[in-house]
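File shown: start-v7.cif (mmCIF, C-alpha atoms).
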```cif
data_coords
loop_
_atom_site.group_PDB
_atom_site.id
_atom_site.type_symbol
_atom_site.label_atom_id
_atom_site.label_comp_id
_atom_site.auth_asym_id
_atom_site.auth_seq_id
_atom_site.Cartn_x
_atom_site.Cartn_y
_atom_site.Cartn_z
ATOM 1 C CA MET A 1 -56.873 -88.967 137.660
ATOM 2 C CA ARG A 2 -60.517 -88.293 137.293
ATOM 3 C CA SER A 3 -60.410 -86.070 140.345
ATOM 4 C CA GLY A 4 -57.444 -84.113 138.914
ATOM 5 C CA ALA A 5 -59.134 -83.695 135.582
ATOM 6 C CA VAL A 6 -62.267 -82.481 137.262
ATOM 7 C CA ASP A 7 -60.277 -80.039 139.335
ATOM 8 C CA ARG A 8 -58.484 -78.705 136.285
ATOM 9 C CA PHE A 9 -61.752 -78.419 134.408
ATOM 10 C CA ALA A 10 -63.330 -76.614 137.315
ATOM 11 C CA ALA A 11 -60.373 -74.268 137.618
ATOM 12 C CA ASN A 12 -60.367 -73.466 133.910
ATOM 13 C CA THR A 13 -64.100 -73.072 133.886
ATOM 14 C CA GLY A 14 -63.910 -70.702 136.845
ATOM 15 C CA LEU A 15 -61.239 -68.621 135.166
ATOM 16 C CA GLU A 16 -63.214 -68.431 131.949
ATOM 17 C CA PHE A 17 -66.323 -67.502 133.858
ATOM 18 C CA THR A 18 -64.449 -64.891 135.859
ATOM 19 C CA GLY A 19 -62.890 -63.522 132.684
ATOM 20 C CA ALA A 20 -66.262 -63.445 130.973
ATOM 21 C CA VAL A 21 -67.682 -61.486 133.887
ATOM 22 C CA LEU A 22 -64.757 -59.061 134.281
ATOM 23 C CA LYS A 23 -64.102 -58.300 130.602
ATOM 24 C CA PRO A 24 -67.393 -56.424 129.983
ATOM 25 C CA GLY A 25 -66.844 -54.433 133.135
ATOM 26 C CA LYS A 26 -63.320 -53.581 132.084
ATOM 27 C CA TRP A 27 -64.596 -52.623 128.612
ATOM 28 C CA VAL A 28 -67.215 -50.382 130.171
ATOM 29 C CA VAL A 29 -64.650 -48.744 132.442
ATOM 30 C CA HIS A 30 -62.186 -48.308 129.575
ATOM 31 C CA ASN A 31 -64.755 -46.794 127.232
ATOM 32 C CA ALA A 32 -66.220 -44.637 129.968
ATOM 33 C CA THR A 33 -62.740 -43.319 130.670
ATOM 34 C CA ASN A 34 -62.210 -42.653 126.960
ATOM 35 C CA LEU A 35 -65.555 -40.912 126.696
ATOM 36 C CA TRP A 36 -64.727 -38.731 129.682
ATOM 37 C CA ASP A 37 -61.334 -37.878 128.238
ATOM 38 C CA GLU A 38 -62.931 -37.019 124.908
ATOM 39 C CA TYR A 39 -65.555 -34.904 126.688
ATOM 40 C CA ILE A 40 -62.861 -33.013 128.570
ATOM 41 C CA TYR A 41 -60.941 -32.589 125.304
ATOM 42 C CA LEU A 42 -64.021 -31.304 123.475
ATOM 43 C CA GLN A 43 -64.740 -28.915 126.324
ATOM 44 C CA GLY A 44 -61.215 -27.586 125.980
ATOM 45 C CA VAL A 45 -61.620 -27.289 122.209
ATOM 46 C CA GLN A 46 -64.906 -25.438 122.661
ATOM 47 C CA GLN A 47 -63.362 -23.015 125.127
ATOM 48 C CA ALA A 48 -60.430 -22.495 122.764
ATOM 49 C CA ASN A 49 -62.881 -21.832 119.918
ATOM 50 C CA VAL A 50 -64.733 -19.284 122.044
ATOM 51 C CA ARG A 51 -61.452 -17.538 122.837
ATOM 52 C CA LEU A 52 -60.468 -17.577 119.165
ATOM 53 C CA LEU A 53 -63.852 -16.182 118.120
ATOM 54 C CA ARG A 54 -63.471 -13.376 120.634
ATOM 55 C CA GLN A 55 -59.983 -12.676 119.333
ATOM 56 C CA VAL A 56 -61.299 -12.640 115.750
ATOM 57 C CA GLU A 57 -64.051 -10.193 116.734
ATOM 58 C CA ASP A 58 -61.550 -8.013 118.563
ATOM 59 C CA LEU A 59 -59.188 -8.047 115.580
ATOM 60 C CA SER A 60 -62.095 -7.261 113.232
ATOM 61 C CA PHE A 61 -62.974 -4.196 115.305
ATOM 62 C CA LYS A 62 -59.335 -3.130 115.387
ATOM 63 C CA LEU A 63 -59.046 -3.636 111.622
ATOM 64 C CA ALA A 64 -62.177 -1.562 110.993
ATOM 65 C CA ASP A 65 -60.838 1.137 113.316
ATOM 66 C CA ALA A 66 -57.463 1.077 111.552
ATOM 67 C CA ARG A 67 -59.141 1.400 108.147
ATOM 68 C CA GLU A 68 -61.190 4.340 109.416
ATOM 69 C CA ASN A 69 -58.033 5.975 110.762
ATOM 70 C CA VAL A 70 -56.282 5.485 107.420
ATOM 71 C CA ALA A 71 -59.252 6.990 105.553
ATOM 72 C CA GLU A 72 -59.321 9.937 107.956
ATOM 73 C CA LEU A 73 -55.574 10.425 107.570
ATOM 74 C CA LYS A 74 -55.939 10.534 103.782
ATOM 75 C CA ARG A 75 -58.733 13.107 104.050
ATOM 76 C CA LEU A 76 -56.742 15.259 106.473
ATOM 77 C CA ARG A 77 -53.619 15.092 104.311
ATOM 78 C CA ALA A 78 -55.647 16.209 101.317
ATOM 79 C CA LEU A 79 -57.230 18.958 103.407
ATOM 80 C CA ILE A 80 -53.985 20.395 104.761
ATOM 81 C CA SER A 81 -52.526 20.331 101.254
ATOM 82 C CA LEU A 82 -54.747 23.345 100.577
ATOM 83 C CA SER A 83 -52.667 26.457 101.142
ATOM 84 C CA PRO A 84 -54.726 29.507 102.104
ATOM 85 C CA PRO A 85 -54.522 32.527 99.802
ATOM 86 C CA PRO A 86 -52.105 35.298 100.789
ATOM 87 C CA THR A 87 -53.273 37.312 103.813
ATOM 88 C CA TRP A 88 -55.698 34.530 104.783
ATOM 89 C CA SER A 89 -55.300 31.838 107.455
ATOM 90 C CA ARG A 90 -57.043 28.495 107.920
ATOM 91 C CA VAL A 91 -58.687 26.652 110.813
ATOM 92 C CA ALA A 92 -59.731 23.000 110.564
ATOM 93 C CA ALA A 93 -63.183 21.925 111.749
ATOM 94 C CA ARG A 94 -65.291 18.782 111.837
ATOM 95 C CA VAL A 95 -68.833 18.420 110.561
ATOM 96 C CA LEU A 96 -71.121 17.492 113.447
ATOM 97 C CA SER A 97 -74.376 17.138 111.525
ATOM 98 C CA TYR A 98 -76.386 18.075 108.452
ATOM 99 C CA ARG A 99 -79.629 19.990 108.344
ATOM 100 C CA ILE A 100 -81.516 18.764 105.298
ATOM 101 C CA GLY A 101 -85.000 17.808 104.234
ATOM 102 C CA VAL A 102 -88.422 19.413 104.371
ATOM 103 C CA GLN A 103 -88.128 20.391 108.038
ATOM 104 C CA ALA A 104 -84.793 22.182 107.598
ATOM 105 C CA GLU A 105 -84.950 25.910 106.975
ATOM 106 C CA LEU A 106 -81.561 25.954 105.256
ATOM 107 C CA ASP A 107 -79.357 23.419 103.516
ATOM 108 C CA SER A 108 -76.565 23.715 106.045
ATOM 109 C CA ILE A 109 -74.045 21.875 108.202
ATOM 110 C CA ILE A 110 -73.157 22.218 111.879
ATOM 111 C CA LEU A 111 -69.434 22.590 112.674
ATOM 112 C CA ASP A 112 -67.471 22.041 115.886
ATOM 113 C CA LYS A 113 -65.888 25.513 115.768
ATOM 114 C CA GLY A 114 -67.485 28.726 117.030
ATOM 115 C CA TYR A 115 -66.537 32.353 117.493
ATOM 116 C CA LEU A 116 -64.083 31.378 120.245
ATOM 117 C CA ASP A 117 -62.110 29.623 117.482
ATOM 118 C CA GLY A 118 -62.418 32.500 115.027
ATOM 119 C CA ALA A 119 -65.572 31.424 113.182
ATOM 120 C CA SER A 120 -67.795 34.396 112.402
ATOM 121 C CA LYS A 121 -70.586 35.297 110.011
ATOM 122 C CA ASN A 122 -69.589 34.984 106.321
ATOM 123 C CA THR A 123 -66.380 33.056 107.099
ATOM 124 C CA PRO A 124 -65.661 30.958 103.958
ATOM 125 C CA VAL A 125 -65.905 27.176 104.344
ATOM 126 C CA VAL A 126 -63.818 25.084 101.932
ATOM 127 C CA THR A 127 -62.248 21.682 101.334
ATOM 128 C CA HIS A 128 -59.314 20.694 99.130
ATOM 129 C CA GLU A 129 -61.881 20.077 96.354
ATOM 130 C CA GLY A 130 -63.442 23.513 96.410
ATOM 131 C CA VAL A 131 -65.767 25.959 98.133
ATOM 132 C CA VAL A 132 -68.422 24.497 100.440
ATOM 133 C CA GLY A 133 -70.228 27.628 101.615
ATOM 134 C CA ARG A 134 -70.005 30.223 104.369
ATOM 135 C CA ILE A 135 -70.777 30.606 108.067
ATOM 136 C CA VAL A 136 -74.217 32.108 108.692
ATOM 137 C CA LYS A 137 -74.373 31.783 112.475
ATOM 138 C CA ALA A 138 -71.666 31.272 115.093
ATOM 139 C CA GLY A 139 -72.005 30.292 118.736
ATOM 140 C CA PRO A 140 -69.190 30.007 121.286
ATOM 141 C CA THR A 141 -68.082 26.500 120.269
ATOM 142 C CA THR A 142 -70.211 25.570 117.247
ATOM 143 C CA SER A 143 -71.389 27.274 114.087
ATOM 144 C CA SER A 144 -73.765 26.772 111.170
ATOM 145 C CA ALA A 145 -72.560 26.967 107.572
ATOM 146 C CA LEU A 146 -74.826 27.576 104.583
ATOM 147 C CA LEU A 147 -73.962 25.280 101.674
ATOM 148 C CA LEU A 148 -73.413 26.917 98.295
ATOM 149 C CA THR A 149 -76.271 24.851 96.828
ATOM 150 C CA ASP A 150 -78.868 26.382 99.159
ATOM 151 C CA LEU A 151 -81.466 28.604 97.492
ATOM 152 C CA ASN A 152 -80.232 31.546 99.565
ATOM 153 C CA SER A 153 -76.608 31.214 98.444
ATOM 154 C CA ARG A 154 -75.124 33.856 96.109
ATOM 155 C CA ILE A 155 -71.414 33.865 95.214
ATOM 156 C CA ALA A 156 -69.643 36.155 92.750
ATOM 157 C CA VAL A 157 -67.504 34.036 90.395
ATOM 158 C CA ILE A 158 -65.410 34.265 87.251
ATOM 159 C CA SER A 159 -64.673 31.596 84.647
ATOM 160 C CA SER A 160 -61.104 30.321 84.737
ATOM 161 C CA SER A 161 -60.400 30.488 80.985
ATOM 162 C CA ASN A 162 -62.601 33.161 79.416
ATOM 163 C CA ARG A 163 -62.724 35.357 82.548
ATOM 164 C CA THR A 164 -66.473 35.806 82.244
ATOM 165 C CA ARG A 165 -68.147 37.027 85.421
ATOM 166 C CA GLY A 166 -71.446 35.919 86.883
ATOM 167 C CA LEU A 167 -73.350 35.165 90.056
ATOM 168 C CA LEU A 168 -73.432 31.523 91.161
ATOM 169 C CA VAL A 169 -76.807 30.741 92.717
ATOM 170 C CA GLY A 170 -77.899 27.663 94.658
ATOM 171 C CA SER A 171 -80.802 25.609 93.348
ATOM 172 C CA GLY A 172 -81.659 23.616 96.465
ATOM 173 C CA ASN A 173 -80.208 20.521 94.793
ATOM 174 C CA ARG A 174 -76.822 19.266 96.033
ATOM 175 C CA ASP A 175 -75.679 18.569 92.473
ATOM 176 C CA GLU A 176 -76.905 21.666 90.677
ATOM 177 C CA LEU A 177 -75.990 25.356 90.533
ATOM 178 C CA GLN A 178 -76.968 28.153 88.168
ATOM 179 C CA LEU A 179 -74.665 30.856 86.879
ATOM 180 C CA LYS A 180 -76.781 33.969 86.421
ATOM 181 C CA TYR A 181 -76.337 37.286 84.617
ATOM 182 C CA VAL A 182 -74.044 35.954 81.891
ATOM 183 C CA PRO A 183 -74.570 38.144 78.777
ATOM 184 C CA ILE A 184 -75.756 36.360 75.653
ATOM 185 C CA ASN A 185 -72.552 37.281 73.796
ATOM 186 C CA ALA A 186 -70.153 36.371 76.641
ATOM 187 C CA GLN A 187 -67.484 33.764 75.963
ATOM 188 C CA LEU A 188 -68.015 30.611 78.034
ATOM 189 C CA ALA A 189 -67.488 26.883 77.474
ATOM 190 C CA GLU A 190 -68.884 23.670 78.912
ATOM 191 C CA GLY A 191 -66.396 22.018 81.251
ATOM 192 C CA GLU A 192 -64.857 25.369 82.181
ATOM 193 C CA LEU A 193 -64.090 25.859 85.862
ATOM 194 C CA LEU A 194 -65.568 28.660 87.913
ATOM 195 C CA VAL A 195 -63.556 30.313 90.683
ATOM 196 C CA THR A 196 -64.417 32.974 93.219
ATOM 197 C CA SER A 197 -63.931 36.475 91.846
ATOM 198 C CA GLY A 198 -62.879 38.023 95.149
ATOM 199 C CA LEU A 199 -65.377 40.851 94.723
ATOM 200 C CA ALA A 200 -67.594 41.759 97.683
ATOM 201 C CA GLY A 201 -64.871 40.495 100.028
ATOM 202 C CA ALA A 202 -66.730 37.418 101.269
ATOM 203 C CA TYR A 203 -64.372 34.962 99.564
ATOM 204 C CA PRO A 204 -60.723 35.312 98.567
ATOM 205 C CA LYS A 205 -60.111 35.414 94.838
ATOM 206 C CA GLY A 206 -59.364 32.253 92.870
ATOM 207 C CA LEU A 207 -60.957 29.505 94.975
ATOM 208 C CA PRO A 208 -62.285 26.672 92.763
ATOM 209 C CA ILE A 209 -66.004 26.306 93.228
ATOM 210 C CA ALA A 210 -67.866 24.693 90.301
ATOM 211 C CA LYS A 211 -67.707 23.316 86.770
ATOM 212 C CA ILE A 212 -70.005 24.341 83.918
ATOM 213 C CA VAL A 213 -72.053 21.433 82.559
ATOM 214 C CA SER A 214 -74.498 23.100 80.163
ATOM 215 C CA ILE A 215 -75.026 26.395 78.330
ATOM 216 C CA THR A 216 -78.259 27.278 76.546
ATOM 217 C CA HIS A 217 -79.392 30.411 74.728
ATOM 218 C CA SER A 218 -82.797 32.040 74.722
ATOM 219 C CA ASP A 219 -84.406 34.225 72.072
ATOM 220 C CA ILE A 220 -86.279 36.235 74.687
ATOM 221 C CA SER A 221 -83.533 36.831 77.259
ATOM 222 C CA LEU A 222 -80.393 38.942 77.301
ATOM 223 C CA PHE A 223 -78.615 36.301 79.386
ATOM 224 C CA LYS A 224 -77.494 32.732 78.857
ATOM 225 C CA THR A 225 -78.823 29.880 80.960
ATOM 226 C CA VAL A 226 -75.716 28.324 82.464
ATOM 227 C CA MET A 227 -75.823 25.286 84.757
ATOM 228 C CA ALA A 228 -72.913 24.045 86.860
ATOM 229 C CA VAL A 229 -72.069 21.413 89.458
ATOM 230 C CA PRO A 230 -70.109 21.996 92.686
ATOM 231 C CA LEU A 231 -66.575 20.648 92.834
ATOM 232 C CA ALA A 232 -66.779 19.730 96.526
ATOM 233 C CA SER A 233 -68.614 16.552 97.549
ATOM 234 C CA LEU A 234 -71.250 18.265 99.671
ATOM 235 C CA SER A 235 -73.032 15.076 100.726
ATOM 236 C CA ASN A 236 -69.896 13.463 102.189
ATOM 237 C CA LEU A 237 -68.347 16.241 104.238
ATOM 238 C CA GLU A 238 -66.514 15.221 107.408
ATOM 239 C CA GLU A 239 -63.673 17.712 107.817
ATOM 240 C CA ILE A 240 -63.475 21.236 106.377
ATOM 241 C CA LEU A 241 -61.356 24.381 106.574
ATOM 242 C CA LEU A 242 -62.448 27.826 107.685
ATOM 243 C CA LEU A 243 -60.630 30.657 105.916
ATOM 244 C CA GLN A 244 -60.041 33.690 108.082
ATOM 245 C CA ALA A 245 -58.991 37.083 106.771
ATOM 246 C CA THR A 246 -55.958 38.584 108.482
ATOM 247 C CA PRO A 247 -56.100 42.171 109.796
ATOM 248 C CA ALA A 248 -54.232 43.351 106.674
ATOM 249 C CA THR A 249 -56.934 41.853 104.453
ATOM 250 C CA MET A 250 -59.711 43.452 106.453
ATOM 251 C CA GLU A 251 -57.999 46.851 106.259
ATOM 252 C CA ILE A 252 -57.807 46.594 102.464
ATOM 253 C CA GLU A 253 -61.468 45.590 102.244
ATOM 254 C CA ALA A 254 -62.454 48.455 104.542
ATOM 255 C CA LYS A 255 -60.931 51.115 102.260
ATOM 256 C CA PRO A 256 -63.571 53.103 100.331
ATOM 257 C CA LEU A 257 -63.905 52.372 96.634
ATOM 258 C CA SER A 258 -64.524 54.923 93.943
ATOM 259 C CA GLY A 259 -66.041 55.149 90.491
ATOM 260 C CA GLU A 260 -67.184 52.239 88.391
ATOM 261 C CA THR A 261 -65.272 49.632 90.421
ATOM 262 C CA ALA A 262 -67.102 50.646 93.585
ATOM 263 C CA SER A 263 -70.493 50.404 91.876
ATOM 264 C CA SER A 264 -69.714 46.935 90.507
ATOM 265 C CA GLU A 265 -68.471 45.542 93.800
ATOM 266 C CA ASN A 266 -71.352 47.054 95.760
ATOM 267 C CA ALA A 267 -73.802 45.381 93.393
ATOM 268 C CA GLU A 268 -72.194 41.991 93.950
ATOM 269 C CA GLN A 269 -72.030 42.630 97.700
ATOM 270 C CA ASN A 270 -75.788 43.197 97.741
ATOM 271 C CA ALA A 271 -76.318 40.025 95.735
ATOM 272 C CA THR A 272 -74.339 37.879 98.155
ATOM 273 C CA ASN A 273 -76.102 39.190 101.274
#
```

Would you give me this structure, written as structure tokens?
Amino acid sequence: MRSGAVDRFAANTGLEFTGAVLKPGKWVVHNATNLWDEYIYLQGVQQANVRLLRQVEDLSFKLADARENVAELKRLRALISLSPPPTWSRVAARVLSYRIGVQAELDSIILDKGYLDGASKNTPVVTHEGVVGRIVKAGPTTSSALLLTDLNSRIAVISSSNRTRGLLVGSGNRDELQLKYVPINAQLAEGELLVTSGLAGAYPKGLPIAKIVSITHSDISLFKTVMAVPLASLSNLEEILLLQATPATMEIEAKPLSGETASSENAEQNATN
């Protein structure tokens, strides 16, 4: 009996010892396997996150591009809503660059249309908001347009309500124009719109161009001091329209004038050159 008890004790002791030895190893193997599985899982999650981040970036670029396309579409719709005056046609163009600052000779813009597209010297440049300026130099595929705010700009205009004439002169400031040669007794009001008079032939009659913001009188001058602001946003131009006179228009302008009308129009022609 003692021998059997000893044998059973030895057997149980051996099993316990074996279990005590194997359990830590099994725990290590089990946890190592779990750690490896978790590592593989985290690697997969990381790769999925990288793919998602790339997709988010791609969608962000596409969204920005879509917004830009929508903004461009709105601008183009507004632009083509402008119907050219009778006997005039229109050609759309994009603004390639600005020439501004101390180093620039003229306050002007460079357009992607040249004389091969019908752009020529003195071609009117407009947007749906109003007059922008006129072409001063045209190459085969590009041209330069003088903005109406440049110091060299002169445009014959007439007030929309009181029909008072004057010469709209650039000040060199994008937000400021001066209406010159308005008699001291002429009827004019702040807030009144100025449109092209059509005299001198450079611009068709009736194009909106500026709004009067101030009128002052002087005791030593025969003319009022009238300041205006351009209607077109000259600092944010992207697309514009070139207005081209049809052959019928050019024939009418080429006919000789007589009397007082001829003298008046010749004077304004000289002022705009």

Item to check | Separation of CA of Leu116 in chain A from CA of Thr142 in chain A, in Å and rounded to one decimal | outcome: 9.0 Å

Next on the checklist: I'd like the residues picked by the PyMOL selection byres ((chain A and resi 188) around 12) written out as JSON, numbers by chain, using the chain letters and numbers from the file.
Outcome noted: {"A": [158, 159, 160, 161, 162, 163, 164, 165, 166, 179, 182, 183, 184, 185, 186, 187, 189, 190, 191, 192, 193, 194, 211, 212, 213, 214, 215, 216, 217, 224, 225, 226, 227]}

Next on the checklist: So the first atom is CA of Gly139 in chain A and the second is CA of Ile80 in chain A; what is the distance between them in Å, to one decimal place?
Outcome noted: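 Value for the CA of Gly139 in chain A-CA of Ile80 in chain A distance: 24.9 Å.
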
Checklist entry - From the list A:Ile220, A:Val195, A:Ile135, A:Ile40, which residue is nearest Leu243 in chain A when using only C-alpha atoms? => result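 For Leu243 in chain A, the nearest of the given residues is A:Ile135.
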
I'd like to see the residues matched by the PyMOL selection byres ((chain A and resi 96) around 7) on this file, and ideally I'd get them as a CSV table (one decimal) with C-alpha atoms, in the frame of the given file.
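The file below, selection-v1.csv, is the result:
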```csv
chain,number,residue,atom,x,y,z
A,94,ARG,CA,-65.3,18.8,111.8
A,95,VAL,CA,-68.8,18.4,110.6
A,97,SER,CA,-74.4,17.1,111.5
A,110,ILE,CA,-73.2,22.2,111.9
A,111,LEU,CA,-69.4,22.6,112.7
A,112,ASP,CA,-67.5,22.0,115.9
```

Checklist entry - Of the candidates A:Ser108, A:Thr87, A:Ser221, A:Ser144, which shows the shortest atom-to-atom distance to Pro204 in chain A, using only C-alpha atoms? => result A:Thr87

Checklist entry - How many Å separate CA of Leu234 in chain A from CA of Leu63 in chain A? => result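 Value for the CA of Leu234 in chain A-CA of Leu63 in chain A distance: 27.8 Å.
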
Checklist entry - Applied to this file, what does the PyMOL selection byres ((chain A and resi 119) around 8) return in terms of residues, put as a list of chain:residue names? => result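 Output from the PyMOL selection byres ((chain A and resi 119) around 8), applied to this file: A:Lys113, A:Gly114, A:Tyr115, A:Leu116, A:Asp117, A:Gly118, A:Ser120, A:Lys121, A:Thr123, A:Ile135, A:Ala138, A:Ser143, A:Leu242, A:Gln244.
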
Checklist entry - With all atoms listed in the file as the atoms that count, which of A:Glu129, A:Pro230, A:Thr196, A:Leu167 lies nearest to Lys180 in chain A? => result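 Smallest separation from Lys180 in chain A among the options: A:Leu167.
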
Generate the coordinates of N, CA and C atoms for range 182-206 of chain A; report them as a PDB file, keeping the file's coordinate frame.
```
ATOM      1  N   VAL A 182     -75.090  36.108  82.903  1.00  0.00           N
ATOM      2  CA  VAL A 182     -74.044  35.954  81.891  1.00  0.00           C
ATOM      3  C   VAL A 182     -74.599  36.482  80.569  1.00  0.00           C
ATOM      4  N   PRO A 183     -74.047  37.567  80.021  1.00  0.00           N
ATOM      5  CA  PRO A 183     -74.570  38.144  78.777  1.00  0.00           C
ATOM      6  C   PRO A 183     -74.602  37.129  77.641  1.00  0.00           C
ATOM      7  N   ILE A 184     -75.545  37.310  76.739  1.00  0.00           N
ATOM      8  CA  ILE A 184     -75.756  36.360  75.653  1.00  0.00           C
ATOM      9  C   ILE A 184     -74.533  36.235  74.752  1.00  0.00           C
ATOM     10  N   ASN A 185     -73.732  37.308  74.664  1.00  0.00           N
ATOM     11  CA  ASN A 185     -72.552  37.281  73.796  1.00  0.00           C
ATOM     12  C   ASN A 185     -71.259  36.995  74.556  1.00  0.00           C
ATOM     13  N   ALA A 186     -71.350  36.645  75.842  1.00  0.00           N
ATOM     14  CA  ALA A 186     -70.153  36.371  76.641  1.00  0.00           C
ATOM     15  C   ALA A 186     -69.531  35.043  76.237  1.00  0.00           C
ATOM     16  N   GLN A 187     -68.209  34.981  76.301  1.00  0.00           N
ATOM     17  CA  GLN A 187     -67.484  33.764  75.963  1.00  0.00           C
ATOM     18  C   GLN A 187     -67.469  32.826  77.175  1.00  0.00           C
ATOM     19  N   LEU A 188     -67.943  31.599  76.959  1.00  0.00           N
ATOM     20  CA  LEU A 188     -68.015  30.611  78.034  1.00  0.00           C
ATOM     21  C   LEU A 188     -68.079  29.230  77.401  1.00  0.00           C
ATOM     22  N   ALA A 189     -67.518  28.224  78.062  1.00  0.00           N
ATOM     23  CA  ALA A 189     -67.488  26.883  77.474  1.00  0.00           C
ATOM     24  C   ALA A 189     -67.893  25.839  78.507  1.00  0.00           C
ATOM     25  N   GLU A 190     -68.550  24.789  78.032  1.00  0.00           N
ATOM     26  CA  GLU A 190     -68.884  23.670  78.912  1.00  0.00           C
ATOM     27  C   GLU A 190     -67.596  23.002  79.398  1.00  0.00           C
ATOM     28  N   GLY A 191     -67.582  22.616  80.659  1.00  0.00           N
ATOM     29  CA  GLY A 191     -66.396  22.018  81.251  1.00  0.00           C
ATOM     30  C   GLY A 191     -65.457  23.033  81.865  1.00  0.00           C
ATOM     31  N   GLU A 192     -65.714  24.319  81.632  1.00  0.00           N
ATOM     32  CA  GLU A 192     -64.857  25.369  82.181  1.00  0.00           C
ATOM     33  C   GLU A 192     -65.079  25.483  83.690  1.00  0.00           C
ATOM     34  N   LEU A 193     -64.002  25.722  84.412  1.00  0.00           N
ATOM     35  CA  LEU A 193     -64.090  25.859  85.862  1.00  0.00           C
ATOM     36  C   LEU A 193     -64.478  27.277  86.245  1.00  0.00           C
ATOM     37  N   LEU A 194     -65.214  27.369  87.336  1.00  0.00           N
ATOM     38  CA  LEU A 194     -65.568  28.660  87.913  1.00  0.00           C
ATOM     39  C   LEU A 194     -64.819  28.825  89.227  1.00  0.00           C
ATOM     40  N   VAL A 195     -64.276  30.012  89.442  1.00  0.00           N
ATOM     41  CA  VAL A 195     -63.556  30.313  90.683  1.00  0.00           C
ATOM     42  C   VAL A 195     -64.146  31.583  91.283  1.00  0.00           C
ATOM     43  N   THR A 196     -63.916  31.765  92.566  1.00  0.00           N
ATOM     44  CA  THR A 196     -64.417  32.974  93.219  1.00  0.00           C
ATOM     45  C   THR A 196     -63.718  34.197  92.642  1.00  0.00           C
ATOM     46  N   SER A 197     -64.484  35.268  92.463  1.00  0.00           N
ATOM     47  CA  SER A 197     -63.931  36.475  91.846  1.00  0.00           C
ATOM     48  C   SER A 197     -63.204  37.363  92.845  1.00  0.00           C
ATOM     49  N   GLY A 198     -63.501  37.182  94.136  1.00  0.00           N
ATOM     50  CA  GLY A 198     -62.879  38.023  95.149  1.00  0.00           C
ATOM     51  C   GLY A 198     -63.609  39.323  95.380  1.00  0.00           C
ATOM     52  N   LEU A 199     -64.595  39.635  94.532  1.00  0.00           N
ATOM     53  CA  LEU A 199     -65.377  40.851  94.723  1.00  0.00           C
ATOM     54  C   LEU A 199     -66.331  40.664  95.899  1.00  0.00           C
ATOM     55  N   ALA A 200     -66.708  41.732  96.517  1.00  0.00           N
ATOM     56  CA  ALA A 200     -67.594  41.759  97.683  1.00  0.00           C
ATOM     57  C   ALA A 200     -66.882  41.332  98.952  1.00  0.00           C
ATOM     58  N   GLY A 201     -65.681  40.768  98.856  1.00  0.00           N
ATOM     59  CA  GLY A 201     -64.871  40.495 100.028  1.00  0.00           C
ATOM     60  C   GLY A 201     -65.238  39.267 100.832  1.00  0.00           C
ATOM     61  N   ALA A 202     -66.328  38.579 100.476  1.00  0.00           N
ATOM     62  CA  ALA A 202     -66.730  37.418 101.269  1.00  0.00           C
ATOM     63  C   ALA A 202     -65.767  36.251 101.091  1.00  0.00           C
ATOM     64  N   TYR A 203     -65.284  36.064  99.869  1.00  0.00           N
ATOM     65  CA  TYR A 203     -64.372  34.962  99.564  1.00  0.00           C
ATOM     66  C   TYR A 203     -63.088  35.515  98.950  1.00  0.00           C
ATOM     67  N   PRO A 204     -61.953  34.908  99.262  1.00  0.00           N
ATOM     68  CA  PRO A 204     -60.723  35.312  98.567  1.00  0.00           C
ATOM     69  C   PRO A 204     -60.808  34.941  97.092  1.00  0.00           C
ATOM     70  N   LYS A 205     -60.062  35.634  96.279  1.00  0.00           N
ATOM     71  CA  LYS A 205     -60.111  35.414  94.838  1.00  0.00           C
ATOM     72  C   LYS A 205     -59.419  34.105  94.455  1.00  0.00           C
ATOM     73  N   GLY A 206     -60.020  33.406  93.472  1.00  0.00           N
ATOM     74  CA  GLY A 206     -59.364  32.253  92.870  1.00  0.00           C
ATOM     75  C   GLY A 206     -59.667  30.904  93.480  1.00  0.00           C
TER      76      GLY A 206
END
```
